Structures are given as C-alpha cells and as structure tokens.
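> I have a structure here, written as structure tokens, and I will follow up with some questions on it.
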Amino acid sequence: LVLMAAGLVVWDRMSPSVAVPEASQLAAQTAGEAQTTLPITQKVSNQSIAVLPFVNMSDDPENEYFADGLSEELLNRLAQLPELRVAGRTSSFEYKGQNLDLREIAQNLGVANVLEGSVRRSGDQVRITAQLIQASDGSHLWSQSYDRTLEDVFRIQDEIAEKVAANLDVIMSEERRELMRRVGVRNVDAFVAYQKGWEAFVEAHRAAKVSAALAEANEHFRQATELYPDFSAAWYWQADRYQHVLFEPGATPAELQQAAEEVERLLTAAYEHAQTPQQRAFTNLTRMVFSDDWTGVSVQLERALELQTCAGPNWSEVLYVFNAVKNPAREMEVYLECMGGAQSVLAVQRESEALLLTGRAEAALEQADQAIVEFGQDNWTSAIRMDALLALQRWDDAIAEARLIDLADKRFGYLLPITLAMAGQHGEARELAQRWLQIEDRDRRSELILHSALGDRDRANALAAEFDARPVGHMFLAGALLDCMCGALFDLEVAPNLAARLTEAGYHWPPASPIRLP
C-alpha cells in the first residue's frame, strides 16, 4: 500500500543501479523458502566489482560533483562488459563517506572486488588515484596515479576501466574498448551539471510538492543536455518532473495536457540519444507505457529484461501488477542482487514490496523490521511493516502498526482506516477516513484505495473514471493498483482507457493481490 505513495520515480532507474522491481504474479515459493537477507547466497563471482565514490581531496567542495561524475563514468564503462557483474550506483553510492571495512561493503554488495580512489583538482590540473582491491584479503590487484590536465580526464577514465577489466580476466578487444568509450559523457562540465541535478533530484523527492521542487534539478539536467546533447540520462530525468504533475493533485486540465506532452518530448529525446542497449530498451518501454497504445509493450518488456543489468532505466514496475513477467521469481533474484546492501529506507521498502509481489510475506516482514532497526520508527517504516502484516492477515498487529502513523499525513494517513476496515472495524474506519478526507492536497491514489477498502464501490468507480479520462490516466490507475497490491480497486468497465491498454498488451485483470481487501 505504500509503493506509489512513497514516490515511485525516485527509485534510481537511469543513473546506473536499479534493477527491475519484482513481478506481480505470485511465486510458488513459500515464505519459509525465501531468502531474507540481502547478500547473495550463491558463490560470489571473481568477476564482480563495486565502484565506490572517489574521494574529493580538493579544497573546493564543488569538486565533489566532479569526483562523483568520474566514479559514475567508470561504473558505466565497466557495466558494458557482459562478463562483469557491476554493483549499481544506488547501492555503491550509499557507502559514500562511510569509513567501513571493504570486506563488509563487498559482502553487502555481493561482489569480490572494489574499485576506490581519490581526485584532486586545481584549475586545469587533476590528480586521480585508483586502486582495485580484492575484498577477501584486502590485497591490491592494481593501482595507479595520474597527473594530467583536465582535457585528459576521458583518456584516464578509459585507461582505468581497461586496466580494471584486464585485472579481472576480461579479454579486451577494440570492439569492447569502443563500447566502453561510447557510453561515456565526453564533457566534464556536463557530468558535473548532471551530478548537481541528481543531488537536487533526490532532495526534491522529500518535498511536499515534488514537481515544484524538481525545478532546480531540471535546470541542471537541462544544462547537461545543452553541453552534451547525447546525455540520455539527463533527458530522461527531466521527464520525471512532468510525470509528477500527472500524478499530483491540483493540476488543471491544460497543465495535465502540457505535462503529458513534455513527458513524450523528453523521453523521445532520451531514447534518441541512448548510448546502450539497456538505455534504449528501458527508455523505449517508458515511452510506451506513457503512450496511448500498449501494443507491443509485453514484447518490449521481455526484451528489456533480457538485457537487464544493474543499470537499466525503467517504469516497468507498473506492469508487474498485471502478471506481466514470465519468470517473476527470477526477476526477484535479479532485483535483490542489484539492490543488495543499499542502505536507505527506500531500498528496504523496495525489497519488501518485491518480496510481497512474489509471495514471500514473512521475508517481507523481516525486511520491514530491518528498516525500523536501521532507520528508526516513522510513518514510512511503519507503512512498510504494515503492508507485510496485512499480507499475512495479522490484523491486530497491522492495526497496532498503523496507529503509529500520523493520520494527518496526506501520504500515509489513510493507512489506518484501511487497516481497520480490513479487520472488520468499520465504524472507527469510517470515522477516521472522513477526517483524512478533509486534508487538502491529499494523495488522490490513496483516496481511491481508501474508498475501495471501505466498500464504497460507487465512489471508487467514480474516481477511477475521473482519473482514467485524464491525459495518461491509465498510468495513474496502474500506479494506484501497484500502490495497493490488493486486486481490483474498481470495475474495469469504468476505465475504458486502461482497459484498452491491457487489451493491447494482452495483460490480465484482475491485478495481483498479495494484500486482500475485505
């Protein structure tokens, strides 16, 4: 019940890291069989690596963005080599500034090797030090320092990536070197602007109105694309602001239409400038799901998943609730592998939801408990735990957890009346629901879920029809279904646009429901 409410698009899709969240088709695997910890249980491949953020040794804190950009560029290059399993940006960058033992980091990320380094920049002069470390014993497999001018930084990146690959027994060819070079951003100011944009992007998703807060991030991303038009990721993330406009309350019909047009324009630019098969596949999938025609979406999804590494941008989450993936258990394992070790409440939330969508509710509860231990008790962590308890039909425990959530929270406050309704306590559920419904700018997806949970089918159907008629309204409804993970919130016939999209894609109704509404 918290996925979309927690902000679907902040989960790192284009910046290298994120694997696919899991399929909605319930796995036959029982909760007792589920793995409940993040580290990969199979033997770690010697050809696996995490690129940790290089340390800024310069006096100017602005050079932090340069160091982060350098690190990300190296990660991008190495991720192009099929022999290597490269931990993604989300997981690797969670360890920025943390003085932890490299063996612990490598174990958490499920890798055998770690690349770390430092950057010192003064004017046009730059000193870059890199070292490849075998985590099991801390031995240095390779290290090198470079004292060059700034215009040589791209050659340094190429050389570091090639040296790392060679030391991990990857046979290099000119074709592979060209593949690594092609994925790079050949403009220092562009990837510095992108890093600034990404920092503002993450911060914006903590704001009350995300679309407005994203203006700063988009300005940096826009600068990046002006400096380097082939910067696909910078085009892609600009679209996120307008996707939020489509989903947030308060937009006029004209604003919604303009937002839909901007999403199409920016995603088209991202697709046209995509540099890797993964970028092209997932960017194209995103374009398709935001379009008014889902013909071929299922084929595109399977094609994208075949290319899946820890570096794929995607909006494919919204499809999994329609039983869209052939092998959900396998996609679950890919996801946990790519997200393993990421130390953020959002990462734990994603893992918990992935477990729920593959029928592993007990494991999801353990992940939720882990979130509370690591990040403390707040509305967000309580909501994660409550979802797992609802899936297990532990009503009393779910109610106790939901009572910890502030009813005045426009994002999570609706969860207590829903939980009470599921437990059959309809009187208190309706009383609290009426109080929550008085909140201005309340989350409209949550409102739809609330009416459905209370048994107000007519009102739920009316809301679904209203949302379906909006520009890209099918995505709004798909998000609500994934947010709830509780089946058919409304009758499909009241949402002809969503119904048409499902028919075009060949997807099923009703959607998956690890959580059962009364």
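So you can find residues: chains in the structure tokens are A, B, ... in the order shown, residues in each start at 1, and ligands are numbered from 1 in order.
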Got a sec: who's within 9 Å of Asn218 of chain A, counting only C-alpha atoms, leaving out chain neighbours fewer than 2 positions off, as a PyMOL selection string?

chain A and resi 197+200-201+214-216+220-223+234+237-239+241

> Please save C-alpha atoms of the selected residues as a PDB file, in the first residue's frame.


ATOM      1  CA  GLY A 197      20.986  17.756 -10.869  1.00  0.00           C
ATOM      2  CA  ALA A 200      18.731  18.222  -6.276  1.00  0.00           C
ATOM      3  CA  PHE A 201      16.557  15.434  -7.740  1.00  0.00           C
ATOM      4  CA  LEU A 214      12.195  19.406  -9.172  1.00  0.00           C
ATOM      5  CA  ALA A 215      12.618  22.728 -10.986  1.00  0.00           C
ATOM      6  CA  GLU A 216      16.177  23.102  -9.675  1.00  0.00           C
ATOM      7  CA  HIS A 220      20.938  21.315 -14.009  1.00  0.00           C
ATOM      8  CA  PHE A 221      19.802  18.459 -16.249  1.00  0.00           C
ATOM      9  CA  ARG A 222      18.929  20.978 -18.970  1.00  0.00           C
ATOM     10  CA  GLN A 223      22.422  22.481 -18.718  1.00  0.00           C
ATOM     11  CA  ALA A 234      19.776  13.934 -18.322  1.00  0.00           C
ATOM     12  CA  TRP A 237      15.206  12.523 -15.654  1.00  0.00           C
ATOM     13  CA  GLN A 238      13.784  15.841 -16.794  1.00  0.00           C
ATOM     14  CA  ALA A 239      10.622  13.936 -17.669  1.00  0.00           C
ATOM     15  CA  ARG A 241       9.021  16.431 -13.062  1.00  0.00           C
TER      16      ARG A 241
END

> If DSSP is run on the backbone, what residues of segment 316-509 of chain A are alpha helix (DSSP H)? A reply as a PDB file with C-alpha atoms, in the first residue's frame would be ideal.


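Wrote out.pdb, looks like this:
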ATOM      1  CA  GLU A 317       7.017  -1.685 -12.141  1.00  0.00           C
ATOM      2  CA  VAL A 318       3.524  -0.643 -13.209  1.00  0.00           C
ATOM      3  CA  LEU A 319       3.284  -3.672 -15.493  1.00  0.00           C
ATOM      4  CA  TYR A 320       4.095  -6.337 -12.909  1.00  0.00           C
ATOM      5  CA  PRO A 328       8.774 -13.404 -11.523  1.00  0.00           C
ATOM      6  CA  ALA A 329      10.914 -15.402  -9.098  1.00  0.00           C
ATOM      7  CA  ARG A 330      13.980 -14.918 -11.306  1.00  0.00           C
ATOM      8  CA  GLU A 331      13.317 -11.203 -11.670  1.00  0.00           C
ATOM      9  CA  MET A 332      13.031 -11.076  -7.903  1.00  0.00           C
ATOM     10  CA  GLU A 333      16.517 -12.524  -7.527  1.00  0.00           C
ATOM     11  CA  VAL A 334      17.973 -10.085 -10.075  1.00  0.00           C
ATOM     12  CA  TYR A 335      16.399  -7.232  -8.173  1.00  0.00           C
ATOM     13  CA  LEU A 336      17.701  -8.266  -4.762  1.00  0.00           C
ATOM     14  CA  GLU A 337      21.138  -8.841  -6.245  1.00  0.00           C
ATOM     15  CA  CYS A 338      21.266  -5.348  -7.710  1.00  0.00           C
ATOM     16  CA  MET A 339      19.832  -3.644  -4.647  1.00  0.00           C
ATOM     17  CA  VAL A 345      14.721   3.216   3.744  1.00  0.00           C
ATOM     18  CA  LEU A 346      13.558   3.408   0.129  1.00  0.00           C
ATOM     19  CA  ALA A 347      15.806   0.467  -0.813  1.00  0.00           C
ATOM     20  CA  VAL A 348      14.426  -1.638   2.046  1.00  0.00           C
ATOM     21  CA  GLN A 349      10.891  -0.618   1.065  1.00  0.00           C
ATOM     22  CA  ARG A 350      11.522  -1.777  -2.484  1.00  0.00           C
ATOM     23  CA  GLU A 351      12.912  -5.085  -1.295  1.00  0.00           C
ATOM     24  CA  SER A 352       9.944  -5.655   0.990  1.00  0.00           C
ATOM     25  CA  GLU A 353       7.461  -4.911  -1.791  1.00  0.00           C
ATOM     26  CA  ALA A 354       9.334  -7.154  -4.197  1.00  0.00           C
ATOM     27  CA  LEU A 355       9.059  -9.978  -1.695  1.00  0.00           C
ATOM     28  CA  LEU A 356       5.326  -9.351  -1.275  1.00  0.00           C
ATOM     29  CA  LEU A 357       4.740  -9.433  -5.025  1.00  0.00           C
ATOM     30  CA  ALA A 361       5.298 -12.160   3.041  1.00  0.00           C
ATOM     31  CA  GLU A 362       7.302 -13.489   6.001  1.00  0.00           C
ATOM     32  CA  ALA A 363      10.526 -12.387   4.339  1.00  0.00           C
ATOM     33  CA  ALA A 364       8.941  -9.013   3.595  1.00  0.00           C
ATOM     34  CA  LEU A 365       8.144  -8.603   7.289  1.00  0.00           C
ATOM     35  CA  GLU A 366      11.759  -9.306   8.185  1.00  0.00           C
ATOM     36  CA  GLN A 367      12.869  -6.633   5.727  1.00  0.00           C
ATOM     37  CA  ALA A 368      10.402  -4.206   7.280  1.00  0.00           C
ATOM     38  CA  ASP A 369      11.728  -4.989  10.762  1.00  0.00           C
ATOM     39  CA  GLN A 370      15.214  -4.347   9.417  1.00  0.00           C
ATOM     40  CA  ALA A 371      14.111  -0.926   8.154  1.00  0.00           C
ATOM     41  CA  ILE A 372      12.864   0.064  11.605  1.00  0.00           C
ATOM     42  CA  VAL A 373      16.062  -1.109  13.297  1.00  0.00           C
ATOM     43  CA  GLU A 374      18.289   0.725  10.823  1.00  0.00           C
ATOM     44  CA  PHE A 375      16.287   3.895  10.194  1.00  0.00           C
ATOM     45  CA  ASN A 379       5.422   6.933   9.130  1.00  0.00           C
ATOM     46  CA  TRP A 380       7.406   5.446   6.268  1.00  0.00           C
ATOM     47  CA  THR A 381       8.926   2.476   8.090  1.00  0.00           C
ATOM     48  CA  SER A 382       5.633   1.751   9.851  1.00  0.00           C
ATOM     49  CA  ALA A 383       3.860   1.719   6.480  1.00  0.00           C
ATOM     50  CA  ILE A 384       6.362  -0.792   5.113  1.00  0.00           C
ATOM     51  CA  ARG A 385       5.855  -3.092   8.084  1.00  0.00           C
ATOM     52  CA  MET A 386       2.075  -2.683   7.976  1.00  0.00           C
ATOM     53  CA  ASP A 387       1.945  -3.896   4.370  1.00  0.00           C
ATOM     54  CA  ALA A 388       3.710  -7.120   5.302  1.00  0.00           C
ATOM     55  CA  LEU A 389       1.390  -7.665   8.275  1.00  0.00           C
ATOM     56  CA  LEU A 390      -1.669  -7.110   6.072  1.00  0.00           C
ATOM     57  CA  ALA A 391      -0.384  -9.649   3.560  1.00  0.00           C
ATOM     58  CA  TRP A 395      -4.897  -7.810  11.687  1.00  0.00           C
ATOM     59  CA  ASP A 396      -4.213  -6.841  15.300  1.00  0.00           C
ATOM     60  CA  ASP A 397      -0.501  -6.349  14.656  1.00  0.00           C
ATOM     61  CA  ALA A 398      -1.250  -4.370  11.475  1.00  0.00           C
ATOM     62  CA  ILE A 399      -3.646  -2.081  13.355  1.00  0.00           C
ATOM     63  CA  ALA A 400      -1.090  -1.505  16.099  1.00  0.00           C
ATOM     64  CA  GLU A 401       1.499  -0.578  13.494  1.00  0.00           C
ATOM     65  CA  ALA A 402      -0.919   1.671  11.583  1.00  0.00           C
ATOM     66  CA  LEU A 415      -3.489   3.515   6.046  1.00  0.00           C
ATOM     67  CA  LEU A 416      -5.067   3.308   9.499  1.00  0.00           C
ATOM     68  CA  PRO A 417      -8.696   3.442   8.312  1.00  0.00           C
ATOM     69  CA  ILE A 418      -7.868   0.929   5.583  1.00  0.00           C
ATOM     70  CA  THR A 419      -6.325  -1.446   8.116  1.00  0.00           C
ATOM     71  CA  LEU A 420      -9.303  -1.112  10.449  1.00  0.00           C
ATOM     72  CA  ALA A 421     -11.670  -1.830   7.552  1.00  0.00           C
ATOM     73  CA  MET A 422      -9.742  -4.974   6.621  1.00  0.00           C
ATOM     74  CA  HIS A 426     -15.859  -0.444  10.092  1.00  0.00           C
ATOM     75  CA  GLY A 427     -17.187   2.179  12.492  1.00  0.00           C
ATOM     76  CA  GLU A 428     -13.798   3.567  13.515  1.00  0.00           C
ATOM     77  CA  ALA A 429     -12.506   3.055   9.975  1.00  0.00           C
ATOM     78  CA  ARG A 430     -15.180   5.340   8.526  1.00  0.00           C
ATOM     79  CA  GLU A 431     -14.769   7.950  11.240  1.00  0.00           C
ATOM     80  CA  LEU A 432     -11.018   8.217  10.645  1.00  0.00           C
ATOM     81  CA  ALA A 433     -11.482   8.085   6.861  1.00  0.00           C
ATOM     82  CA  GLN A 434     -13.718  11.145   6.990  1.00  0.00           C
ATOM     83  CA  ARG A 435     -11.078  13.022   8.968  1.00  0.00           C
ATOM     84  CA  TRP A 436      -8.348  12.097   6.492  1.00  0.00           C
ATOM     85  CA  ARG A 444      -5.670  11.026  -4.874  1.00  0.00           C
ATOM     86  CA  ARG A 445      -4.441   7.482  -5.493  1.00  0.00           C
ATOM     87  CA  SER A 446      -4.695   6.896  -1.759  1.00  0.00           C
ATOM     88  CA  GLU A 447      -8.233   8.291  -1.822  1.00  0.00           C
ATOM     89  CA  LEU A 448      -9.218   5.758  -4.472  1.00  0.00           C
ATOM     90  CA  ILE A 449      -7.742   2.912  -2.436  1.00  0.00           C
ATOM     91  CA  LEU A 450      -9.470   4.142   0.719  1.00  0.00           C
ATOM     92  CA  HIS A 451     -12.951   4.200  -0.825  1.00  0.00           C
ATOM     93  CA  SER A 452     -12.424   0.743  -2.281  1.00  0.00           C
ATOM     94  CA  ALA A 453     -11.261  -0.654   1.082  1.00  0.00           C
ATOM     95  CA  ARG A 457     -17.565   0.855  -4.747  1.00  0.00           C
ATOM     96  CA  ASP A 458     -19.617   3.560  -6.432  1.00  0.00           C
ATOM     97  CA  ARG A 459     -17.283   6.290  -5.189  1.00  0.00           C
ATOM     98  CA  ALA A 460     -14.198   4.233  -6.108  1.00  0.00           C
ATOM     99  CA  ASN A 461     -15.617   3.678  -9.601  1.00  0.00           C
ATOM    100  CA  ALA A 462     -16.390   7.384  -9.973  1.00  0.00           C
ATOM    101  CA  LEU A 463     -12.825   8.314  -9.035  1.00  0.00           C
ATOM    102  CA  ALA A 464     -11.396   5.667 -11.365  1.00  0.00           C
ATOM    103  CA  ALA A 465     -13.499   7.011 -14.242  1.00  0.00           C
ATOM    104  CA  GLU A 466     -12.340  10.554 -13.482  1.00  0.00           C
ATOM    105  CA  PHE A 467      -8.674   9.564 -13.421  1.00  0.00           C
ATOM    106  CA  ASP A 468      -8.984   7.341 -16.493  1.00  0.00           C
ATOM    107  CA  GLY A 473      -4.826   8.437 -16.861  1.00  0.00           C
ATOM    108  CA  HIS A 474      -4.155   4.738 -17.366  1.00  0.00           C
ATOM    109  CA  MET A 475      -0.770   5.225 -15.688  1.00  0.00           C
ATOM    110  CA  PHE A 476      -2.391   6.960 -12.738  1.00  0.00           C
ATOM    111  CA  LEU A 477      -4.680   3.972 -12.243  1.00  0.00           C
ATOM    112  CA  ALA A 478      -1.916   1.433 -12.819  1.00  0.00           C
ATOM    113  CA  GLY A 479       0.091   3.219 -10.144  1.00  0.00           C
ATOM    114  CA  ALA A 480      -2.801   3.007  -7.693  1.00  0.00           C
ATOM    115  CA  LEU A 481      -3.147  -0.723  -8.341  1.00  0.00           C
ATOM    116  CA  LEU A 482       0.547  -1.270  -7.730  1.00  0.00           C
ATOM    117  CA  ASP A 483       0.451   1.027  -4.709  1.00  0.00           C
ATOM    118  CA  CYS A 484      -2.250  -1.117  -3.113  1.00  0.00           C
ATOM    119  CA  PRO A 496     -12.060   2.276 -20.804  1.00  0.00           C
ATOM    120  CA  ASN A 497      -8.618   3.747 -21.460  1.00  0.00           C
ATOM    121  CA  LEU A 498      -6.910   1.405 -19.001  1.00  0.00           C
ATOM    122  CA  ALA A 499      -8.983  -1.483 -20.345  1.00  0.00           C
ATOM    123  CA  ALA A 500      -7.829  -0.680 -23.880  1.00  0.00           C
ATOM    124  CA  ARG A 501      -4.177  -0.594 -22.775  1.00  0.00           C
ATOM    125  CA  LEU A 502      -4.495  -4.010 -21.098  1.00  0.00           C
ATOM    126  CA  THR A 503      -6.156  -5.488 -24.179  1.00  0.00           C
ATOM    127  CA  GLU A 504      -3.409  -4.083 -26.419  1.00  0.00           C
ATOM    128  CA  ALA A 505      -0.705  -5.586 -24.199  1.00  0.00           C
TER     129      ALA A 505
END

> Looking at only C-alpha atoms, which of A:Glu175, A:Glu219, A:His140, A:Arg77 is the one that sits closest to Ala161 of chain A?

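The shortest atom-to-atom distance to Ala161 of chain A comes from A:Arg77.
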
> Near Gln278 of chain A, within 6 Å and counting only C-alpha atoms, which residues show up once chain neighbours fewer than 2 positions away are dropped, as a ChimeraX atom specification?

/A:276,280-281,307,312

> Hey, can you check how far atom CA of Asp137 of chain A sits from atom CA of Ile171 of chain A?

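We find that atom CA of Asp137 of chain A and atom CA of Ile171 of chain A lie 24.6 Å from each other.
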
> Find the spatial neighbours of segment 260-262 of chain A, counting only C-alpha atoms, within a cut-off of 7 Å - ignore same-chain residues fewer than 3 positions away - and output them as JSON, numbers by chain.

{"A": [239, 242, 256, 257, 265, 266, 471, 472]}

> With C-alpha atoms kept, could you save the residues just selected as an mmCIF file, in the first residue's frame?


data_model
loop_
_atom_site.group_PDB
_atom_site.id
_atom_site.type_symbol
_atom_site.label_atom_id
_atom_site.label_comp_id
_atom_site.auth_asym_id
_atom_site.auth_seq_id
_atom_site.Cartn_x
_atom_site.Cartn_y
_atom_site.Cartn_z
ATOM 1 C CA ALA A 239 10.622 13.936 -17.669
ATOM 2 C CA TYR A 242 6.143 16.259 -15.521
ATOM 3 C CA LEU A 256 -2.041 17.927 -17.341
ATOM 4 C CA GLN A 257 -2.048 18.003 -21.149
ATOM 5 C CA ARG A 265 9.163 15.099 -25.789
ATOM 6 C CA LEU A 266 11.793 14.393 -23.134
ATOM 7 C CA PRO A 471 -4.110 12.563 -20.005
ATOM 8 C CA VAL A 472 -2.129 9.375 -19.377
#
